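Take a look at the structure below.
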Amino acid sequence: MTDVVVIGAGQAGLSASYFLRKRDVEHVVLDANDAPGGAWLHRWPSLRMRTVHGIHELPGMPFEQPLPDERANEAIPSYFARYEQLFDLPVVRPVTVTQVVNDGSLLKVETSDGVWTTRGLINATGTWRRPFWPYYPGQETFRGRQLHTADYQGPEEFAGKRVVVVGGGASATQLLMELAPVALETRWVTRHEPVWREGPFTEDYGRWVVGMVDERVRKGLIPRSVVSVTGLALNDQTRAAIASGVLDRKPVFDRITPDGVAWASGEHFDADIILWATGFRHDLDHLAPLHLRSAGGGIRVDGTRVVADPRIHLVGYGPSASTIGANRAGRSAVRELVRHLETPARLE
């Protein structure tokens, strides 16, 4: 048995482990990856550090900015690996958690490598293992290729192809701008009109964004995506792409045909590839046996604490689903969980 099990060794999980170590709390970090890096290991190879939106350093160790052309899926995992080694964090990998179940006053964490019994749980699994694929009529008839951003390897595979990019987030615009120069033709479609935001991401604005997301998780609703609150960044690169027609957004199609996509108006776009830049969902299926979800579809969380079970904290979920938010969430989760574990059980 251990006092705390942390599931996931990304930014939030490592932050939590750091603060647990500082408080001398016995714990283990279970990570499904073969190597350090969290979700960054799975970023597309062509993503370079110059296009990565701010990386906040982990607690206690500065992040030395890599060269602009360094691959993000190498630079950041390297930093995570050095961090694990510096603080001697108890990460065990590769271990896949299959389910977490109640065992009286304890929790049983069942995995591909045995069972851990614990008094407290910090879940930091993120989203990268759950790419979201929406369904549209006729999708199964499409003779071309369909892939999700989770499978994107670079622009070369789109050379000379007609490509539909579906999605209104930052990854959709980034990949569209990257592949458009080599593709024969592109079409960008979104469910909602994109909202472009100009200007710096100030601390006050950041607090407002966090507040908007926090309000939903406190009600037990499914967290909104960050871009649905912040909008898309309007900078020199995106302005040029808008002016050139690359970021000329169209409403999403009504159906998929064997050779493309079609709208109710009768318009049709011949396509060789549909790239689904439709985001991810939180990887929480292993918590299903605990019945934590509310009627609103999400898990009610107060800060990081699961309202239905104070033994469990979610970091990297809702308002803490950012690099800086993950650090703060790790510290907060550890402080509150340790307080809970130190409180004597009330007599019935």
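Each chain of the structure tokens is named A, B, ... in the order shown, its residues numbered from 1; ligands are numbered from 1 in display order.
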
inquiry  = Show me, as a list in words, the residues that have an atom within 9 Å of range 116-121 of chain A when counting only C-alpha atoms, minus same-chain residues fewer than 6 positions from it.
reply    = Met1, Thr2, Asp3, Val4, Val5, Val6, Ile7, His27, Asp103, Ser105, Leu106, Leu107, Lys108, Val109, Glu110, Pro310, Arg311, Ile312, His313, Leu314, Leu337, Val338 and Leu341 of chain A

message = Can you pull out the residues contacting range 12-14 of chain A? Cut-off 10 Å, using only C-alpha atoms, and skip same-chain residues under 5 positions away; I want them as a PyMOL selection string.
response = chain A and resi 6-7+19-20+29-31+38+58-59+80+83-84+87+89-91+122-126+314-317+320-331

key: Nearest-residue call for Asp302 in chain A, choices A:Ala333, A:Val252, A:Leu287, A:Ala75, using only C-alpha atoms   =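 Going through A:Ala333, A:Val252, A:Leu287, A:Ala75 one by one, the smallest distance to Asp302 in chain A is for A:Ala333.
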